[in-house]
file my_file.pdb (PDB, C-alpha atoms)
ATOM      1  CA  MET O 254     -79.212   9.710 -40.776
ATOM      2  CA  ALA O 255     -77.992   9.136 -37.204
ATOM      3  CA  THR O 256     -75.617  11.684 -35.703
ATOM      4  CA  PRO O 257     -72.129  10.148 -35.452
ATOM      5  CA  VAL O 258     -71.056   9.873 -31.808
ATOM      6  CA  LEU O 259     -67.812   8.597 -30.314
ATOM      7  CA  HIS O 260     -67.572   7.650 -26.637
ATOM      8  CA  LEU O 261     -64.080   6.938 -25.445
ATOM      9  CA  ILE O 262     -62.679   6.231 -21.975
ATOM     10  CA  VAL O 263     -58.902   6.293 -21.520
ATOM     11  CA  PRO O 264     -56.620   6.268 -18.467
ATOM     12  CA  ALA O 265     -55.250   9.735 -17.681
ATOM     13  CA  GLY O 266     -51.666   9.066 -18.692
ATOM     14  CA  LEU O 267     -49.482  10.280 -21.534
ATOM     15  CA  LYS O 268     -49.397   6.723 -22.889
ATOM     16  CA  SER O 269     -53.110   7.095 -23.714
ATOM     17  CA  VAL O 270     -52.583  10.043 -26.027
ATOM     18  CA  SER O 271     -51.630   8.089 -29.149
ATOM     19  CA  GLU O 272     -54.428   5.563 -28.885
ATOM     20  CA  ALA O 273     -57.036   8.242 -28.161
ATOM     21  CA  GLY O 274     -55.774  10.416 -31.019
ATOM     22  CA  SER O 275     -55.822   7.555 -33.518
ATOM     23  CA  ARG O 276     -59.379   6.591 -32.596
ATOM     24  CA  ILE O 277     -60.572  10.204 -32.780
ATOM     25  CA  ARG O 278     -58.950  10.645 -36.207
ATOM     26  CA  SER O 279     -60.538   7.451 -37.566
ATOM     27  CA  PHE O 280     -63.931   8.530 -36.251
ATOM     28  CA  LEU O 281     -63.702  12.021 -37.769
ATOM     29  CA  GLU O 282     -62.567  10.718 -41.143
ATOM     30  CA  ALA O 283     -65.368   8.142 -41.179
ATOM     31  CA  ALA O 284     -67.796  10.989 -40.414
ATOM     32  CA  GLY O 285     -66.614  12.722 -43.594
ATOM     33  CA  LEU O 286     -64.573  15.610 -42.183
ATOM     34  CA  ASP O 287     -61.763  16.986 -44.308
ATOM     35  CA  GLU O 288     -58.127  16.448 -43.368
ATOM     36  CA  LEU O 289     -57.489  19.885 -41.855
ATOM     37  CA  ASP O 290     -60.593  19.959 -39.655
ATOM     38  CA  SER O 291     -59.871  16.394 -38.524
ATOM     39  CA  PHE O 292     -56.273  17.313 -37.693
ATOM     40  CA  HIS O 293     -57.239  20.397 -35.691
ATOM     41  CA  ILE O 294     -59.990  18.654 -33.704
ATOM     42  CA  GLU O 295     -57.735  15.691 -32.910
ATOM     43  CA  LEU O 296     -54.974  18.129 -31.928
ATOM     44  CA  ALA O 297     -57.228  20.087 -29.558
ATOM     45  CA  ILE O 298     -58.583  16.983 -27.817
ATOM     46  CA  VAL O 299     -55.119  15.441 -27.502
ATOM     47  CA  GLU O 300     -53.793  18.689 -25.971
ATOM     48  CA  VAL O 301     -56.613  18.702 -23.416
ATOM     49  CA  ILE O 302     -56.011  15.034 -22.527
ATOM     50  CA  THR O 303     -52.293  15.754 -22.094
ATOM     51  CA  ASN O 304     -53.070  18.784 -19.945
ATOM     52  CA  VAL O 305     -55.455  16.823 -17.732
ATOM     53  CA  ALA O 306     -53.009  13.910 -17.480
ATOM     54  CA  ARG O 307     -50.042  16.130 -16.596
ATOM     55  CA  HIS O 308     -51.712  18.639 -14.299
ATOM     56  CA  GLY O 309     -55.247  17.759 -13.277
ATOM     57  CA  CYS O 310     -54.625  14.077 -12.540
ATOM     58  CA  ALA O 311     -50.981  14.248 -11.533
ATOM     59  CA  GLU O 312     -51.765  13.364  -7.934
ATOM     60  CA  SER O 313     -54.695  11.076  -8.632
ATOM     61  CA  GLY O 314     -52.975   8.299 -10.527
ATOM     62  CA  GLU O 315     -54.381   7.100 -13.818
ATOM     63  CA  ILE O 316     -58.034   7.951 -13.313
ATOM     64  CA  PRO O 317     -60.273   7.667 -16.380
ATOM     65  CA  ILE O 318     -60.822  10.476 -18.846
ATOM     66  CA  THR O 319     -64.060  10.310 -20.805
ATOM     67  CA  VAL O 320     -64.201  11.813 -24.279
ATOM     68  CA  ARG O 321     -67.495  12.301 -26.121
ATOM     69  CA  LEU O 322     -67.483  13.533 -29.659
ATOM     70  CA  THR O 323     -70.539  14.455 -31.738
ATOM     71  CA  VAL O 324     -70.543  15.447 -35.399
ATOM     72  CA  THR O 325     -73.396  17.387 -36.957
ATOM     73  CA  ALA O 326     -73.605  19.044 -40.364
ATOM     74  CA  GLU O 327     -72.494  22.357 -38.858
ATOM     75  CA  ALA O 328     -70.042  21.539 -36.097
ATOM     76  CA  VAL O 329     -68.107  19.044 -34.044
ATOM     77  CA  GLN O 330     -68.589  19.129 -30.303
ATOM     78  CA  ALA O 331     -66.310  17.374 -27.849
ATOM     79  CA  THR O 332     -66.450  17.036 -24.090
ATOM     80  CA  ILE O 333     -63.550  15.772 -22.021
ATOM     81  CA  GLU O 334     -64.474  14.806 -18.457
ATOM     82  CA  ASP O 335     -62.329  13.674 -15.559
ATOM     83  CA  SER O 336     -62.505  13.486 -11.770
ATOM     84  CA  GLY O 337     -59.135  15.121 -11.059
ATOM     85  CA  SER O 338     -58.263  18.607  -9.870
ATOM     86  CA  ALA O 339     -58.621  21.578 -12.208
ATOM     87  CA  PRO O 340     -55.902  21.745 -14.878
ATOM     88  CA  PRO O 341     -54.739  25.172 -16.105
ATOM     89  CA  MET O 342     -56.945  26.107 -19.080
ATOM     90  CA  ARG O 343     -56.378  29.859 -19.485
ATOM     91  CA  PRO O 344     -55.414  31.095 -22.924
ATOM     92  CA  GLY O 345     -52.426  33.388 -23.338
ATOM     93  CA  SER O 346     -50.332  31.503 -20.816
ATOM     94  CA  GLY O 347     -47.881  30.199 -23.407
ATOM     95  CA  PRO O 348     -44.115  30.659 -23.167
ATOM     96  CA  SER O 349     -42.491  34.013 -23.946
ATOM     97  CA  ASP O 350     -39.329  32.200 -25.049
ATOM     98  CA  PRO O 351     -39.886  31.138 -28.692
ATOM     99  CA  LEU O 352     -37.490  28.230 -28.136
ATOM    100  CA  ALA O 353     -39.354  26.907 -25.089
ATOM    101  CA  GLU O 354     -40.102  23.211 -25.474
ATOM    102  CA  GLY O 355     -43.429  23.237 -23.644
ATOM    103  CA  GLY O 356     -46.354  25.376 -22.562
ATOM    104  CA  ARG O 357     -48.061  25.869 -25.950
ATOM    105  CA  GLY O 358     -50.823  23.279 -25.627
ATOM    106  CA  ILE O 359     -53.664  25.426 -24.297
ATOM    107  CA  ASP O 360     -53.026  28.310 -26.676
ATOM    108  CA  ILE O 361     -53.133  25.798 -29.525
ATOM    109  CA  VAL O 362     -56.524  24.522 -28.314
ATOM    110  CA  TYR O 363     -57.951  28.057 -28.357
ATOM    111  CA  SER O 364     -56.415  28.744 -31.774
ATOM    112  CA  VAL O 365     -57.909  25.754 -33.557
ATOM    113  CA  MET O 366     -61.332  25.572 -31.868
ATOM    114  CA  ASP O 367     -64.165  28.109 -32.025
ATOM    115  CA  GLU O 368     -65.402  27.672 -28.459
ATOM    116  CA  VAL O 369     -63.675  26.374 -25.347
ATOM    117  CA  THR O 370     -65.360  26.155 -21.962
ATOM    118  CA  HIS O 371     -64.040  24.710 -18.725
ATOM    119  CA  VAL O 372     -66.453  23.855 -15.936
ATOM    120  CA  VAL O 373     -64.844  22.969 -12.617
ATOM    121  CA  LEU O 374     -67.008  20.524 -10.674
ATOM    122  CA  LYS O 375     -66.830  19.612  -7.017
ATOM    123  CA  ARG O 376     -64.876  16.562  -8.088
ATOM    124  CA  GLY O 377     -63.549  16.904 -11.573
ATOM    125  CA  ASN O 378     -63.839  18.934 -14.727
ATOM    126  CA  ILE O 379     -65.786  19.157 -17.932
ATOM    127  CA  ILE O 380     -63.953  20.781 -20.819
ATOM    128  CA  ALA O 381     -66.153  21.399 -23.850
ATOM    129  CA  LEU O 382     -64.806  22.193 -27.309
ATOM    130  CA  THR O 383     -66.701  23.271 -30.409
ATOM    131  CA  LYS O 384     -65.409  23.496 -33.950
ATOM    132  CA  ARG O 385     -67.641  24.933 -36.653
ATOM    133  CA  LEU O 386     -66.966  23.061 -39.833
ATOM    134  CA  ARG O 387     -65.406  24.919 -42.761
ATOM    135  CA  GLN O 388     -67.347  22.705 -45.187
ATOM    136  CA  ALA O 389     -70.636  23.886 -43.655
ATOM    137  CA  ALA O 390     -69.468  27.516 -43.533
ATOM    138  CA  SER O 391     -68.477  27.547 -47.210
ATOM    139  CA  ALA O 392     -71.775  25.891 -48.263
ATOM    140  CA  GLU O 393     -73.630  28.588 -46.288
ATOM    141  CA  ALA O 394     -71.642  31.349 -47.971
ATOM    142  CA  GLU O 395     -72.472  29.959 -51.426
ATOM    143  CA  SER O 396     -76.240  29.748 -50.787
TER
ATOM    144  CA  MET F 111     -39.199   4.446 -32.496
ATOM    145  CA  ARG F 112     -38.598   3.735 -36.169
ATOM    146  CA  LEU F 113     -36.028   6.012 -37.762
ATOM    147  CA  ALA F 114     -33.850   5.763 -40.855
ATOM    148  CA  ARG F 115     -30.543   7.591 -41.161
ATOM    149  CA  GLN F 116     -28.725   8.487 -44.329
ATOM    150  CA  LEU F 117     -25.361  10.233 -44.460
ATOM    151  CA  HIS F 118     -25.094  12.704 -47.286
ATOM    152  CA  ASP F 119     -21.626  14.291 -47.532
ATOM    153  CA  ASP F 120     -21.347  16.502 -44.461
ATOM    154  CA  LEU F 121     -24.955  16.268 -43.421
ATOM    155  CA  GLN F 122     -27.302  13.567 -42.207
ATOM    156  CA  ILE F 123     -30.907  12.893 -43.074
ATOM    157  CA  VAL F 124     -33.015  11.422 -40.271
ATOM    158  CA  ARG F 125     -36.320  10.046 -41.550
ATOM    159  CA  VAL F 126     -39.051   9.619 -38.980
ATOM    160  CA  LEU F 127     -40.909   6.473 -40.007
ATOM    161  CA  GLU F 128     -43.673   6.779 -37.395
ATOM    162  CA  ARG F 129     -47.127   8.122 -38.231
ATOM    163  CA  ARG F 130     -47.463   9.967 -34.919
ATOM    164  CA  LEU F 131     -45.156  12.231 -32.944
ATOM    165  CA  ASP F 132     -47.156  12.974 -29.836
ATOM    166  CA  ALA F 133     -46.984  13.045 -26.044
ATOM    167  CA  SER F 134     -46.895   9.235 -25.878
ATOM    168  CA  PHE F 135     -43.599   9.040 -27.764
ATOM    169  CA  SER F 136     -41.946  12.472 -27.553
ATOM    170  CA  GLU F 137     -39.346  11.483 -24.942
ATOM    171  CA  GLU F 138     -38.457   8.290 -26.801
ATOM    172  CA  PHE F 139     -38.183  10.351 -29.989
ATOM    173  CA  ILE F 140     -35.764  12.852 -28.421
ATOM    174  CA  ARG F 141     -33.575  10.040 -27.063
ATOM    175  CA  ALA F 142     -33.462   8.156 -30.355
ATOM    176  CA  VAL F 143     -32.755  11.157 -32.583
ATOM    177  CA  SER F 144     -30.273  12.782 -30.193
ATOM    178  CA  ASP F 145     -28.240   9.534 -30.280
ATOM    179  CA  LEU F 146     -28.002   9.890 -34.058
ATOM    180  CA  ILE F 147     -27.217  13.598 -33.883
ATOM    181  CA  ALA F 148     -24.445  12.970 -31.363
ATOM    182  CA  ARG F 149     -22.643  10.778 -33.917
ATOM    183  CA  GLY F 150     -22.572  13.740 -36.320
ATOM    184  CA  PRO F 151     -22.552  15.434 -38.730
ATOM    185  CA  HIS F 152     -24.398  18.257 -37.032
ATOM    186  CA  LEU F 153     -26.165  19.449 -40.142
ATOM    187  CA  VAL F 154     -29.416  17.535 -39.846
ATOM    188  CA  ILE F 155     -32.443  17.186 -42.097
ATOM    189  CA  LEU F 156     -35.376  15.820 -40.121
ATOM    190  CA  ASP F 157     -37.706  14.323 -42.694
ATOM    191  CA  LEU F 158     -41.344  14.165 -41.602
ATOM    192  CA  SER F 159     -42.862  12.755 -44.817
ATOM    193  CA  SER F 160     -44.306   9.734 -42.996
ATOM    194  CA  VAL F 161     -45.631  11.704 -40.020
ATOM    195  CA  GLU F 162     -49.379  12.346 -40.068
ATOM    196  CA  PHE F 163     -49.801  13.916 -36.640
ATOM    197  CA  ILE F 164     -47.757  16.088 -34.293
ATOM    198  CA  ASP F 165     -48.926  17.697 -31.048
ATOM    199  CA  SER F 166     -47.298  20.375 -28.884
ATOM    200  CA  ARG F 167     -45.123  17.789 -27.119
ATOM    201  CA  GLY F 168     -43.900  16.476 -30.455
ATOM    202  CA  LEU F 169     -43.223  20.054 -31.495
ATOM    203  CA  GLY F 170     -41.310  20.600 -28.258
ATOM    204  CA  SER F 171     -39.154  17.561 -28.979
ATOM    205  CA  VAL F 172     -38.252  18.953 -32.430
ATOM    206  CA  LEU F 173     -37.270  22.245 -30.748
ATOM    207  CA  ALA F 174     -35.141  20.341 -28.215
ATOM    208  CA  LEU F 175     -33.261  18.671 -31.081
ATOM    209  CA  TYR F 176     -32.866  21.998 -32.871
ATOM    210  CA  LYS F 177     -31.302  23.514 -29.739
ATOM    211  CA  MET F 178     -29.012  20.499 -29.454
ATOM    212  CA  VAL F 179     -27.305  21.277 -32.782
ATOM    213  CA  ALA F 180     -27.519  25.084 -32.616
ATOM    214  CA  GLY F 181     -24.075  26.642 -32.655
ATOM    215  CA  GLU F 182     -22.417  23.531 -34.065
ATOM    216  CA  GLY F 183     -24.657  23.045 -37.081
ATOM    217  CA  ASP F 184     -28.294  23.314 -38.031
ATOM    218  CA  LEU F 185     -31.478  21.267 -38.071
ATOM    219  CA  VAL F 186     -34.099  21.761 -40.765
ATOM    220  CA  ILE F 187     -37.378  20.017 -41.567
ATOM    221  CA  SER F 188     -38.404  18.431 -44.838
ATOM    222  CA  GLY F 189     -41.557  16.773 -46.115
ATOM    223  CA  ALA F 190     -44.014  18.051 -43.503
ATOM    224  CA  ARG F 191     -47.578  17.831 -44.759
ATOM    225  CA  ASP F 192     -49.830  20.891 -44.906
ATOM    226  CA  THR F 193     -51.770  20.031 -41.751
ATOM    227  CA  ILE F 194     -48.554  19.854 -39.736
ATOM    228  CA  LEU F 195     -47.350  23.118 -41.263
ATOM    229  CA  THR F 196     -50.465  24.835 -39.848
ATOM    230  CA  LEU F 197     -49.274  23.792 -36.393
ATOM    231  CA  PHE F 198     -45.758  25.084 -37.117
ATOM    232  CA  ARG F 199     -47.261  28.436 -38.079
ATOM    233  CA  LEU F 200     -49.578  28.571 -35.052
ATOM    234  CA  ALA F 201     -46.655  27.922 -32.726
ATOM    235  CA  ARG F 202     -44.401  30.232 -34.798
ATOM    236  CA  ILE F 203     -41.868  27.463 -35.194
ATOM    237  CA  ASP F 204     -41.587  28.247 -38.901
ATOM    238  CA  ASN F 205     -39.779  31.475 -37.904
ATOM    239  CA  ILE F 206     -37.151  29.455 -36.064
ATOM    240  CA  ILE F 207     -36.618  26.222 -37.958
ATOM    241  CA  ALA F 208     -36.291  26.216 -41.746
ATOM    242  CA  VAL F 209     -38.880  24.045 -43.469
ATOM    243  CA  TYR F 210     -38.455  22.610 -46.995
ATOM    244  CA  PRO F 211     -40.992  20.752 -49.125
ATOM    245  CA  THR F 212     -38.659  17.840 -49.931
ATOM    246  CA  GLU F 213     -35.412  16.267 -48.770
ATOM    247  CA  GLY F 214     -33.836  17.378 -52.057
ATOM    248  CA  ASP F 215     -34.730  21.006 -51.384
ATOM    249  CA  ALA F 216     -33.288  20.754 -47.887
ATOM    250  CA  VAL F 217     -30.062  19.156 -49.128
ATOM    251  CA  ALA F 218     -29.640  21.892 -51.748
ATOM    252  CA  ALA F 219     -30.208  24.584 -49.122
ATOM    253  CA  LEU F 220     -27.786  23.061 -46.615
ATOM    254  CA  ARG F 221     -25.029  22.174 -49.106
ATOM    255  CA  PRO F 222     -23.264  25.560 -48.889
ATOM    256  CA  ALA F 223     -23.264  25.220 -45.101
ATOM    257  CA  ALA F 224     -21.983  21.646 -45.420
ATOM    258  CA  ALA F 225     -19.185  22.817 -47.721
ATOM    259  CA  ILE F 226     -18.120  25.494 -45.217
ATOM    260  CA  ALA F 227     -18.284  22.997 -42.335
ATOM    261  CA  GLY F 228     -16.057  20.647 -44.332
ATOM    262  CA  THR F 229     -13.315  23.230 -45.069
TER
END

call {"tool": "encode", "arguments": {"input": "my_file.pdb", "output": "structure tokens"}}
result
Amino acid sequence: MATPVLHLIVPAGLKSVSEAGSRIRSFLEAAGLDELDSFHIELAIVEVITNVARHGCAESGEIPITVRLTVTAEAVQATIEDSGSAPPMRPGSGPSDPLAEGGRGIDIVYSVMDEVTHVVLKRGNIIALTKRLRQAASAEAES
Amino acid sequence: MRLARQLHDDLQIVRVLERRLDASFSEEFIRAVSDLIARGPHLVILDLSSVEFIDSRGLGSVLALYKMVAGEGDLVISGARDTILTLFRLARIDNIIAVYPTEGDAVAALRPAAAIAGT
């Protein structure tokens, strides 16, 4: 069976978030992921797109963001690439005020994904996310 | 932004009829709901039964609305699905904003507060 792959290019603006999220969700559900894994992977990718759109591409206009998503039996891997400046991607930089309205996005990404890497290129960034699937983990534990 | 409002004694129920509450719509959402909140009452049940996805910006907009009524009333959540509740827990919002499984549960919990507000 072929490995499901999604290749998505969206303009780096907040208006793109909904469309990208909906397409990612449909893809993950069609690939057979359960609701919680699908939600968390969509959430992480959407947070990265928002972060890139707000920070990394703020001075570059609506440059394209490329999302690639691959599903295997064990894990989902996503890469988000852009040609903007480096967005902040450090974990633990969330707000100290529990009522703060923003600043939680990156901590959420690290909480719901198993691996997060950020490679800063000469022109642009590659942010790679990996989520090991709970379905695969529980099947492994039973065997 | 599709919303439905129902007045219920001294409280109002605002039902979010959108499937997504994310960065694309969070500002529009705050504007639309704050208009309803401004009309009162300030005891508000925000029903999320129809919402399938929320991101950190959507979460931030719910917090902004909560702060809007704080002191004058209260804002609670009803109907959030389990996936969305995981986000509330991750962001520790469940320690700040009361969350109820159904609108009926939220109404029952807020009724004493509504009675006091009405005296």

call {"tool": "closest_residue", "arguments": {"input": "my_file.pdb", "among": "F:Ile155, F:Val172, F:Ala219, F:Ala190", "to": "Ile206 of chain F", "atoms": "all atoms listed in the file"}}
result
F:Val172

call {"tool": "resolve_selection", "arguments": {"input": "my_file.pdb", "expression": "the PyMOL selection byres ((chain F) within 7 of (chain O))", "output": "VMD selection string"}}
result
chain F and resid 132 to 134 165 to 167 170 to 171 173 to 174 193

call {"tool": "resolve_selection", "arguments": {"input": "my_file.pdb", "expression": "the PyMOL selection byres ((chain O and resi 375-382) around 8)", "output": "MDAnalysis selection string"}}
result
chainID O and resid 330:339 366:374 383:384

call {"tool": "residues_around", "arguments": {"input": "my_file.pdb", "residues": "Arg112 of chain F", "least_positions_apart": "5", "cutoff": "10 Å", "atoms": "all atoms listed in the file", "output": "mmCIF file with C-alpha atoms, keeping the file's coordinate frame"}}
result
data_model
loop_
_atom_site.group_PDB
_atom_site.id
_atom_site.type_symbol
_atom_site.label_atom_id
_atom_site.label_comp_id
_atom_site.auth_asym_id
_atom_site.auth_seq_id
_atom_site.Cartn_x
_atom_site.Cartn_y
_atom_site.Cartn_z
ATOM 1 C CA ARG F 125 -36.320 10.046 -41.550
ATOM 2 C CA VAL F 126 -39.051 9.619 -38.980
ATOM 3 C CA LEU F 127 -40.909 6.473 -40.007
ATOM 4 C CA GLU F 128 -43.673 6.779 -37.395
ATOM 5 C CA ARG F 129 -47.127 8.122 -38.231
ATOM 6 C CA PHE F 139 -38.183 10.351 -29.989
ATOM 7 C CA ALA F 142 -33.462 8.156 -30.355
#

call {"tool": "closest_residue", "arguments": {"input": "my_file.pdb", "among": "F:Leu175, F:Leu131, F:Ile123, F:Ile194", "to": "Ala216 of chain F", "atoms": "all atoms listed in the file"}}
result
F:Ile123

call {"tool": "build_atoms", "arguments": {"input": "my_file.pdb", "residues": "segment 314-325 of chain O", "atoms": "N, CA, C and O atoms", "output": "PDB file, in the frame of the given file"}}
result
ATOM      1  N   GLY O 314     -53.236   9.533  -9.804  1.00  0.00           N
ATOM      2  CA  GLY O 314     -52.975   8.299 -10.527  1.00  0.00           C
ATOM      3  C   GLY O 314     -53.677   8.313 -11.865  1.00  0.00           C
ATOM      4  O   GLY O 314     -54.113   9.357 -12.341  1.00  0.00           O
ATOM      5  N   GLU O 315     -53.788   7.158 -12.476  1.00  0.00           N
ATOM      6  CA  GLU O 315     -54.381   7.100 -13.818  1.00  0.00           C
ATOM      7  C   GLU O 315     -55.897   6.929 -13.733  1.00  0.00           C
ATOM      8  O   GLU O 315     -56.436   5.855 -14.001  1.00  0.00           O
ATOM      9  N   ILE O 316     -56.574   7.984 -13.342  1.00  0.00           N
ATOM     10  CA  ILE O 316     -58.034   7.951 -13.313  1.00  0.00           C
ATOM     11  C   ILE O 316     -58.558   8.057 -14.744  1.00  0.00           C
ATOM     12  O   ILE O 316     -57.844   8.510 -15.630  1.00  0.00           O
ATOM     13  N   PRO O 317     -59.788   7.627 -14.994  1.00  0.00           N
ATOM     14  CA  PRO O 317     -60.273   7.667 -16.380  1.00  0.00           C
ATOM     15  C   PRO O 317     -60.607   9.071 -16.875  1.00  0.00           C
ATOM     16  O   PRO O 317     -61.061   9.913 -16.101  1.00  0.00           O
ATOM     17  N   ILE O 318     -60.368   9.272 -18.152  1.00  0.00           N
ATOM     18  CA  ILE O 318     -60.822  10.476 -18.846  1.00  0.00           C
ATOM     19  C   ILE O 318     -61.852  10.011 -19.873  1.00  0.00           C
ATOM     20  O   ILE O 318     -61.599   9.068 -20.624  1.00  0.00           O
ATOM     21  N   THR O 319     -62.998  10.674 -19.866  1.00  0.00           N
ATOM     22  CA  THR O 319     -64.060  10.310 -20.805  1.00  0.00           C
ATOM     23  C   THR O 319     -64.167  11.362 -21.896  1.00  0.00           C
ATOM     24  O   THR O 319     -64.280  12.552 -21.603  1.00  0.00           O
ATOM     25  N   VAL O 320     -64.087  10.911 -23.130  1.00  0.00           N
ATOM     26  CA  VAL O 320     -64.201  11.813 -24.279  1.00  0.00           C
ATOM     27  C   VAL O 320     -65.486  11.467 -25.024  1.00  0.00           C
ATOM     28  O   VAL O 320     -65.737  10.291 -25.325  1.00  0.00           O
ATOM     29  N   ARG O 321     -66.299  12.485 -25.284  1.00  0.00           N
ATOM     30  CA  ARG O 321     -67.495  12.301 -26.121  1.00  0.00           C
ATOM     31  C   ARG O 321     -67.400  13.264 -27.285  1.00  0.00           C
ATOM     32  O   ARG O 321     -67.110  14.446 -27.102  1.00  0.00           O
ATOM     33  N   LEU O 322     -67.664  12.744 -28.451  1.00  0.00           N
ATOM     34  CA  LEU O 322     -67.483  13.533 -29.659  1.00  0.00           C
ATOM     35  C   LEU O 322     -68.735  13.371 -30.512  1.00  0.00           C
ATOM     36  O   LEU O 322     -69.175  12.245 -30.778  1.00  0.00           O
ATOM     37  N   THR O 323     -69.319  14.495 -30.915  1.00  0.00           N
ATOM     38  CA  THR O 323     -70.539  14.455 -31.738  1.00  0.00           C
ATOM     39  C   THR O 323     -70.325  15.290 -32.988  1.00  0.00           C
ATOM     40  O   THR O 323     -69.830  16.423 -32.903  1.00  0.00           O
ATOM     41  N   VAL O 324     -70.690  14.731 -34.123  1.00  0.00           N
ATOM     42  CA  VAL O 324     -70.543  15.447 -35.399  1.00  0.00           C
ATOM     43  C   VAL O 324     -71.924  15.738 -35.963  1.00  0.00           C
ATOM     44  O   VAL O 324     -72.742  14.831 -36.124  1.00  0.00           O
ATOM     45  N   THR O 325     -72.180  17.018 -36.234  1.00  0.00           N
ATOM     46  CA  THR O 325     -73.396  17.387 -36.957  1.00  0.00           C
ATOM     47  C   THR O 325     -72.972  18.016 -38.285  1.00  0.00           C
ATOM     48  O   THR O 325     -71.780  18.136 -38.559  1.00  0.00           O
TER      49      THR O 325
END
